[in-house]
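As stored in protein-v7.cif (mmCIF, C-alpha atoms):
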```
data_run
loop_
_atom_site.group_PDB
_atom_site.id
_atom_site.type_symbol
_atom_site.label_atom_id
_atom_site.label_comp_id
_atom_site.auth_asym_id
_atom_site.auth_seq_id
_atom_site.Cartn_x
_atom_site.Cartn_y
_atom_site.Cartn_z
ATOM 1 C CA MET A 1 -3.295 -15.032 -9.499
ATOM 2 C CA ALA A 2 -4.691 -17.395 -6.857
ATOM 3 C CA LEU A 3 -2.434 -16.596 -3.932
ATOM 4 C CA ARG A 4 -2.669 -18.820 -0.869
ATOM 5 C CA SER A 5 -0.674 -19.035 2.334
ATOM 6 C CA GLN A 6 0.542 -21.851 4.522
ATOM 7 C CA LEU A 7 2.148 -21.646 7.952
ATOM 8 C CA ILE A 8 5.797 -22.670 8.045
ATOM 9 C CA THR A 9 6.617 -24.989 10.941
ATOM 10 C CA LYS A 10 9.438 -27.435 11.678
ATOM 11 C CA GLU A 11 7.433 -30.017 9.698
ATOM 12 C CA PHE A 12 6.938 -27.781 6.640
ATOM 13 C CA PRO A 13 7.784 -29.932 3.584
ATOM 14 C CA GLU A 14 9.632 -27.204 1.674
ATOM 15 C CA LEU A 15 11.988 -25.806 4.288
ATOM 16 C CA ASP A 16 14.825 -26.076 1.768
ATOM 17 C CA ARG A 17 13.069 -23.590 -0.562
ATOM 18 C CA VAL A 18 12.463 -21.175 2.308
ATOM 19 C CA GLU A 19 16.090 -21.423 3.397
ATOM 20 C CA ARG A 20 17.332 -20.907 -0.161
ATOM 21 C CA LEU A 21 15.201 -17.759 -0.546
ATOM 22 C CA ASN A 22 16.309 -16.487 2.869
ATOM 23 C CA ASN A 23 19.950 -16.869 1.788
ATOM 24 C CA GLU A 24 19.326 -15.205 -1.597
ATOM 25 C CA ALA A 25 17.193 -12.322 -0.364
ATOM 26 C CA PHE A 26 19.114 -11.059 2.663
ATOM 27 C CA PRO A 27 22.767 -10.111 3.012
ATOM 28 C CA GLU A 28 24.630 -12.187 5.568
ATOM 29 C CA GLU A 29 24.869 -9.362 8.110
ATOM 30 C CA GLU A 30 21.044 -8.920 8.068
ATOM 31 C CA ARG A 31 19.984 -12.540 7.723
ATOM 32 C CA ILE A 32 18.910 -14.777 10.551
ATOM 33 C CA PRO A 33 19.108 -18.564 10.195
ATOM 34 C CA LEU A 34 15.945 -20.457 9.338
ATOM 35 C CA SER A 35 16.305 -22.302 12.646
ATOM 36 C CA ASP A 36 15.768 -18.977 14.480
ATOM 37 C CA PHE A 37 12.470 -18.421 12.653
ATOM 38 C CA LEU A 38 11.399 -21.936 13.581
ATOM 39 C CA LYS A 39 12.235 -21.402 17.277
ATOM 40 C CA LEU A 40 9.335 -18.922 17.366
ATOM 41 C CA ASP A 41 6.897 -21.565 16.091
ATOM 42 C CA GLY A 42 4.076 -22.132 18.549
ATOM 43 C CA ARG A 43 4.110 -18.624 20.042
ATOM 44 C CA ASP A 44 0.698 -17.025 20.218
ATOM 45 C CA ASP A 45 2.053 -13.752 18.750
ATOM 46 C CA TYR A 46 3.919 -15.099 15.719
ATOM 47 C CA HIS A 47 3.202 -16.415 12.227
ATOM 48 C CA PHE A 48 5.690 -17.577 9.606
ATOM 49 C CA PHE A 49 3.886 -17.713 6.257
ATOM 50 C CA ALA A 50 4.809 -19.289 2.935
ATOM 51 C CA PHE A 51 2.918 -17.926 -0.057
ATOM 52 C CA TYR A 52 2.002 -19.843 -3.196
ATOM 53 C CA ASP A 53 0.434 -19.077 -6.538
ATOM 54 C CA GLU A 54 -1.290 -22.404 -7.041
ATOM 55 C CA ASP A 55 1.671 -24.783 -6.495
ATOM 56 C CA ASP A 56 4.453 -22.276 -7.168
ATOM 57 C CA PHE A 57 6.334 -21.052 -4.097
ATOM 58 C CA VAL A 58 6.298 -17.234 -4.247
ATOM 59 C CA GLY A 59 7.837 -16.084 -0.975
ATOM 60 C CA PHE A 60 7.595 -15.803 2.789
ATOM 61 C CA ALA A 61 6.833 -13.366 5.591
ATOM 62 C CA SER A 62 7.767 -13.586 9.252
ATOM 63 C CA VAL A 63 5.274 -11.657 11.401
ATOM 64 C CA LEU A 64 5.120 -10.786 15.101
ATOM 65 C CA TYR A 65 2.040 -9.000 16.364
ATOM 66 C CA ASN A 66 0.226 -7.496 19.298
ATOM 67 C CA ALA A 67 -3.091 -5.669 19.684
ATOM 68 C CA LYS A 68 -1.898 -2.511 17.907
ATOM 69 C CA VAL A 69 0.703 -3.470 15.282
ATOM 70 C CA PHE A 70 1.901 -6.350 13.223
ATOM 71 C CA TYR A 71 5.595 -6.317 12.496
ATOM 72 C CA VAL A 72 6.914 -7.955 9.343
ATOM 73 C CA SER A 73 10.454 -8.779 10.381
ATOM 74 C CA PHE A 74 11.403 -10.573 7.143
ATOM 75 C CA PHE A 75 9.591 -10.486 3.801
ATOM 76 C CA ALA A 76 10.981 -12.007 0.612
ATOM 77 C CA ILE A 77 9.741 -12.866 -2.860
ATOM 78 C CA VAL A 78 11.451 -15.444 -5.099
ATOM 79 C CA PRO A 79 13.638 -13.404 -7.525
ATOM 80 C CA GLN A 80 11.956 -14.599 -10.730
ATOM 81 C CA MET A 81 8.526 -13.816 -9.224
ATOM 82 C CA ARG A 82 9.350 -10.179 -8.378
ATOM 83 C CA SER A 83 7.656 -7.354 -10.294
ATOM 84 C CA HIS A 84 4.575 -9.501 -10.968
ATOM 85 C CA GLY A 85 2.332 -8.056 -8.249
ATOM 86 C CA TYR A 86 2.941 -10.782 -5.652
ATOM 87 C CA GLY A 87 4.525 -8.487 -3.055
ATOM 88 C CA SER A 88 1.622 -6.041 -3.209
ATOM 89 C CA GLU A 89 -0.932 -8.820 -3.002
ATOM 90 C CA ILE A 90 0.820 -10.392 -0.006
ATOM 91 C CA ILE A 91 0.864 -7.024 1.790
ATOM 92 C CA ASP A 92 -2.862 -6.623 1.149
ATOM 93 C CA LYS A 93 -3.545 -10.162 2.393
ATOM 94 C CA LEU A 94 -1.546 -9.531 5.572
ATOM 95 C CA VAL A 95 -3.437 -6.281 6.224
ATOM 96 C CA GLU A 96 -6.721 -8.129 5.709
ATOM 97 C CA PHE A 97 -5.633 -11.018 7.960
ATOM 98 C CA TYR A 98 -4.431 -8.862 10.878
ATOM 99 C CA GLY A 99 -7.259 -6.358 10.514
ATOM 100 C CA PRO A 100 -7.529 -2.630 9.867
ATOM 101 C CA SER A 101 -7.135 -1.697 13.541
ATOM 102 C CA ARG A 102 -3.454 -2.748 13.475
ATOM 103 C CA SER A 103 -0.747 -0.833 11.633
ATOM 104 C CA MET A 104 1.734 -2.835 9.586
ATOM 105 C CA VAL A 105 5.349 -2.025 10.478
ATOM 106 C CA LEU A 106 8.610 -3.041 8.820
ATOM 107 C CA GLU A 107 12.080 -1.683 8.179
ATOM 108 C CA VAL A 108 14.040 -0.966 5.034
ATOM 109 C CA GLU A 109 17.662 -0.144 4.412
ATOM 110 C CA ARG A 110 18.344 3.550 4.758
ATOM 111 C CA LEU A 111 18.820 5.648 1.647
ATOM 112 C CA ASP A 112 20.922 8.281 3.426
ATOM 113 C CA GLU A 113 23.834 6.000 4.328
ATOM 114 C CA PRO A 114 26.778 5.065 2.096
ATOM 115 C CA ASN A 115 26.014 1.771 0.360
ATOM 116 C CA ASP A 116 26.874 -0.349 -2.654
ATOM 117 C CA ASN A 117 23.264 -0.997 -3.759
ATOM 118 C CA PRO A 118 21.517 2.401 -4.103
ATOM 119 C CA GLU A 119 19.261 1.300 -6.995
ATOM 120 C CA GLN A 120 18.031 -1.730 -5.064
ATOM 121 C CA ARG A 121 17.342 0.364 -1.955
ATOM 122 C CA GLU A 122 15.465 3.002 -3.961
ATOM 123 C CA ALA A 123 13.404 0.326 -5.723
ATOM 124 C CA ARG A 124 12.460 -1.148 -2.323
ATOM 125 C CA TRP A 125 11.472 2.268 -1.006
ATOM 126 C CA ASP A 126 9.391 2.975 -4.123
ATOM 127 C CA PHE A 127 7.646 -0.399 -3.771
ATOM 128 C CA TYR A 128 6.636 0.286 -0.182
ATOM 129 C CA LYS A 129 5.521 3.860 -0.936
ATOM 130 C CA ARG A 130 3.321 2.549 -3.786
ATOM 131 C CA ASN A 131 1.815 0.148 -1.273
ATOM 132 C CA GLY A 132 0.779 2.852 1.186
ATOM 133 C CA PHE A 133 3.750 2.898 3.569
ATOM 134 C CA LYS A 134 5.011 6.087 5.207
ATOM 135 C CA THR A 135 8.171 6.860 7.084
ATOM 136 C CA SER A 136 7.978 7.009 10.841
ATOM 137 C CA ASN A 137 11.010 9.318 10.818
ATOM 138 C CA ALA A 138 12.602 6.775 13.147
ATOM 139 C CA PHE A 139 15.373 4.213 12.740
ATOM 140 C CA LEU A 140 15.930 0.809 14.271
ATOM 141 C CA GLU A 141 19.569 0.241 15.162
ATOM 142 C CA TYR A 142 21.143 -3.019 16.295
ATOM 143 C CA GLU A 143 24.446 -4.843 15.871
ATOM 144 C CA GLY A 144 25.920 -1.955 13.875
ATOM 145 C CA LEU A 145 23.016 -1.902 11.378
ATOM 146 C CA SER A 146 20.471 0.886 10.894
ATOM 147 C CA PHE A 147 17.084 0.652 9.169
ATOM 148 C CA GLU A 148 14.322 3.151 8.492
ATOM 149 C CA ILE A 149 11.020 2.173 10.117
ATOM 150 C CA LEU A 150 8.013 2.343 7.776
ATOM 151 C CA TYR A 151 4.367 1.832 8.612
ATOM 152 C CA ARG A 152 1.065 1.361 6.824
ATOM 153 C CA GLY A 153 -1.981 2.413 8.800
ATOM 154 C CA ASP A 154 -3.305 5.364 10.726
ATOM 155 C CA HIS A 155 -0.133 6.073 12.688
ATOM 156 C CA PHE A 156 3.155 4.644 13.913
ATOM 157 C CA ASP A 157 2.708 3.370 17.464
ATOM 158 C CA GLU A 158 6.275 3.340 18.733
ATOM 159 C CA GLU A 159 5.381 1.847 22.107
ATOM 160 C CA ALA A 160 3.566 -1.120 20.487
ATOM 161 C CA TYR A 161 6.578 -1.604 18.174
ATOM 162 C CA ARG A 162 8.972 -1.528 21.160
ATOM 163 C CA GLU A 163 6.769 -4.076 22.933
ATOM 164 C CA ILE A 164 7.397 -6.554 20.108
ATOM 165 C CA PHE A 165 11.150 -6.120 20.485
ATOM 166 C CA ARG A 166 10.956 -6.547 24.244
ATOM 167 C CA LYS A 167 9.135 -9.852 23.686
ATOM 168 C CA LEU A 168 11.786 -10.932 21.190
ATOM 169 C CA GLN A 169 14.441 -10.213 23.777
ATOM 170 C CA GLU A 170 12.843 -12.746 26.103
ATOM 171 C CA ASN A 171 14.141 -15.480 23.758
ATOM 172 C CA ALA A 172 17.473 -14.020 22.677
ATOM 173 C CA TYR A 173 18.788 -10.766 24.035
ATOM 174 C CA PHE A 174 20.165 -8.222 21.617
ATOM 175 C CA ASP A 175 20.714 -4.513 22.037
ATOM 176 C CA PHE A 176 18.555 -2.231 19.957
ATOM 177 C CA SER A 177 17.706 1.420 19.917
ATOM 178 C CA ILE A 178 15.223 3.601 18.108
ATOM 179 C CA LYS A 179 16.464 6.969 16.978
ATOM 180 C CA HIS A 180 14.448 9.765 15.413
ATOM 181 C CA ARG A 181 15.131 11.960 12.434
ATOM 182 C CA ARG A 182 15.409 15.591 13.426
ATOM 183 C CA LEU A 183 13.666 18.190 11.305
ATOM 184 C CA SER A 184 17.079 19.708 10.644
ATOM 185 C CA ASP A 185 18.052 16.414 8.964
ATOM 186 C CA LEU A 186 15.355 16.779 6.285
#
```
Let me see whether you can do it: turn the structure in this file into C-alpha cells.
Amino acid sequence: MALRSQLITKEFPELDRVERLNNEAFPEEERIPLSDFLKLDGRDDYHFFAFYDEDDFVGFASVLYNAKVFYVSFFAIVPQMRSHGYGSEIIDKLVEFYGPSRSMVLEVERLDEPNDNPEQREARWDFYKRNGFKTSNAFLEYEGLSFEILYRGDHFDEEAYREIFRKLQENAYFDFSIKHRRLSDL
C-alpha cells in the first residue's frame, strides 16, 4: 500500500469522485455539500485531503486544527476499499502530519440512541477503538443531531475543541452544545 494525499481545492480534478463519496458515506441529515468544504479552502487552519493508493481514489478527510487539537469533521473511505487497512493508515498519517502534541478529535453516531443501523454504528465504534480512540464522555449536539466525541492522544481538550467550532461559526452560524455523560448514565 503506497498511500499518498493531495489537497482538495476548487481546482481539484476529481471533485465528482469526492462528491459521490460524500453522498454515499453520509446520511442527508449529517452531510454538508461539497461546496461548503471548498468555502474553507485557503484558511490557515484547514486542510481537505484526498487519499490515493497509487492512482486509486481511496477516500477523504476534512480537518480543522489549532495548536492543541486537530478535528476531523468528515472522514470517508470508498465502500469497496473499506476493511483493507486504508482507514487505519490514513489516521496514522494524519497523526504524523499534525504531530504528537495535538490530539485527534472526531465524532461518531451514538450507540445509546434509537437507530436503524446499530451494526454499522458498532462497527464504526470498534474501528476507532482499535485505532486508539477513547470516549471523551461528551456529546456534540446541533440541529437535532447528537454525536459522541472521541479523541486519540493524551487527553480531550474541550476548550481547544470549542475554539474550532467558534471559528467555524465565523463563516456560518449554527447552534451547538457539548453535553457530558454523567457517571449515573454508565
Applying the PyMOL selection byres ((chain A and resi 90) around 10) to the file I just gave you, which residues come out? Please list them as a PDB file with C-alpha atoms, in the coordinates of the input.
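Written out: selection37.pdb:
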```pdb
ATOM      1  CA  LEU A   3      -2.434 -16.596  -3.932  1.00  0.00           C
ATOM      2  CA  ARG A   4      -2.669 -18.820  -0.869  1.00  0.00           C
ATOM      3  CA  SER A   5      -0.674 -19.035   2.334  1.00  0.00           C
ATOM      4  CA  PHE A  51       2.918 -17.926  -0.057  1.00  0.00           C
ATOM      5  CA  VAL A  58       6.298 -17.234  -4.247  1.00  0.00           C
ATOM      6  CA  GLY A  59       7.837 -16.084  -0.975  1.00  0.00           C
ATOM      7  CA  PHE A  60       7.595 -15.803   2.789  1.00  0.00           C
ATOM      8  CA  ALA A  61       6.833 -13.366   5.591  1.00  0.00           C
ATOM      9  CA  PHE A  75       9.591 -10.486   3.801  1.00  0.00           C
ATOM     10  CA  ILE A  77       9.741 -12.866  -2.860  1.00  0.00           C
ATOM     11  CA  GLY A  85       2.332  -8.056  -8.249  1.00  0.00           C
ATOM     12  CA  TYR A  86       2.941 -10.782  -5.652  1.00  0.00           C
ATOM     13  CA  GLY A  87       4.525  -8.487  -3.055  1.00  0.00           C
ATOM     14  CA  SER A  88       1.622  -6.041  -3.209  1.00  0.00           C
ATOM     15  CA  GLU A  89      -0.932  -8.820  -3.002  1.00  0.00           C
ATOM     16  CA  ILE A  91       0.864  -7.024   1.790  1.00  0.00           C
ATOM     17  CA  ASP A  92      -2.862  -6.623   1.149  1.00  0.00           C
ATOM     18  CA  LYS A  93      -3.545 -10.162   2.393  1.00  0.00           C
ATOM     19  CA  LEU A  94      -1.546  -9.531   5.572  1.00  0.00           C
ATOM     20  CA  VAL A  95      -3.437  -6.281   6.224  1.00  0.00           C
ATOM     21  CA  GLU A  96      -6.721  -8.129   5.709  1.00  0.00           C
TER      22      GLU A  96
END
```
* To do: List the residues matched by the PyMOL selection byres ((chain A and resi 134-150) around 6) in the displayed structure as a PyMOL selection string, ordered by chain and then by residue number.
  => chain A and resi 105-110+133+151+175-181
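Note that the spacing between CA of Glu19 (chain A) and CA of Leu7 (chain A) amounts to 14.7 Å.
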* To do: Do a neighbour search on Thr9 (chain A) at 12 Å with all atoms listed in the file, toss out local chain neighbours closer than 3 positions, and write the hits as a ChimeraX atom specification.
  => /A:6,12-15,18,34-43,46-50,62
Based on the selection just made, write C-alpha atoms of those residues as a short mmCIF file (atom, residue, chain, number, x, y, z; two decimals), keeping the file's coordinate frame.
```cif
data_model
loop_
_atom_site.label_atom_id
_atom_site.label_comp_id
_atom_site.auth_asym_id
_atom_site.auth_seq_id
_atom_site.Cartn_x
_atom_site.Cartn_y
_atom_site.Cartn_z
CA GLN A 6 0.54 -21.85 4.52
CA PHE A 12 6.94 -27.78 6.64
CA PRO A 13 7.78 -29.93 3.58
CA GLU A 14 9.63 -27.20 1.67
CA LEU A 15 11.99 -25.81 4.29
CA VAL A 18 12.46 -21.18 2.31
CA LEU A 34 15.94 -20.46 9.34
CA SER A 35 16.30 -22.30 12.65
CA ASP A 36 15.77 -18.98 14.48
CA PHE A 37 12.47 -18.42 12.65
CA LEU A 38 11.40 -21.94 13.58
CA LYS A 39 12.24 -21.40 17.28
CA LEU A 40 9.34 -18.92 17.37
CA ASP A 41 6.90 -21.56 16.09
CA GLY A 42 4.08 -22.13 18.55
CA ARG A 43 4.11 -18.62 20.04
CA TYR A 46 3.92 -15.10 15.72
CA HIS A 47 3.20 -16.42 12.23
CA PHE A 48 5.69 -17.58 9.61
CA PHE A 49 3.89 -17.71 6.26
CA ALA A 50 4.81 -19.29 2.94
CA SER A 62 7.77 -13.59 9.25
#
```
* To do: Apply the PyMOL selection byres ((chain A and resi 103) around 8) to the file shown and report the selected residues as a PyMOL selection string.
  => chain A and resi 68-70+100-102+104-105+151-157
* Asked: In Å to one decimal, how far is CA of Asn117 (chain A) from CA of Ala25 (chain A)?
  ->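 The value is 13.3 Å.
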* Asked: Which residue out of A:Phe165, A:Trp125, A:Glu170, A:Tyr65 has the minimum interatomic distance to Leu111 (chain A) when all atoms listed in the file are used?
  ->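 Of A:Phe165, A:Trp125, A:Glu170, A:Tyr65, the one nearest Leu111 (chain A), counting all atoms listed in the file, is A:Trp125.
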* To do: Kindly give the distance, in Å, that separates CA of His84 (chain A) and CA of Glu29 (chain A), rounded to a single decimal.
  =>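 It comes out at 27.9 Å.
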Would you compute an axis-aligned box for region 2-9 of chain A, covering every atom listed for it in the file with 6 Å of margin on each side, and report centre and edge lengths in Å to one decimal as JSON?
```
{"center_x": 1.0, "center_y": -20.8, "center_z": 2.0, "size_x": 23.3, "size_y": 20.4, "size_z": 29.8}
```
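Counting all atoms listed in the file and comparing A:Asp16, A:Ala76, A:Glu113, A:Ala2, the residue that lies closest to Asp53 (chain A) is A:Ala2.
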* To do: Check the smallest atom-to-atom distance from each of A:Lys10, A:Tyr98, A:Phe26, A:Ala123 to Val63 (chain A) using all atoms listed in the file, then report the winner.
  =>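 Smallest separation from Val63 (chain A) among the options: A:Tyr98.
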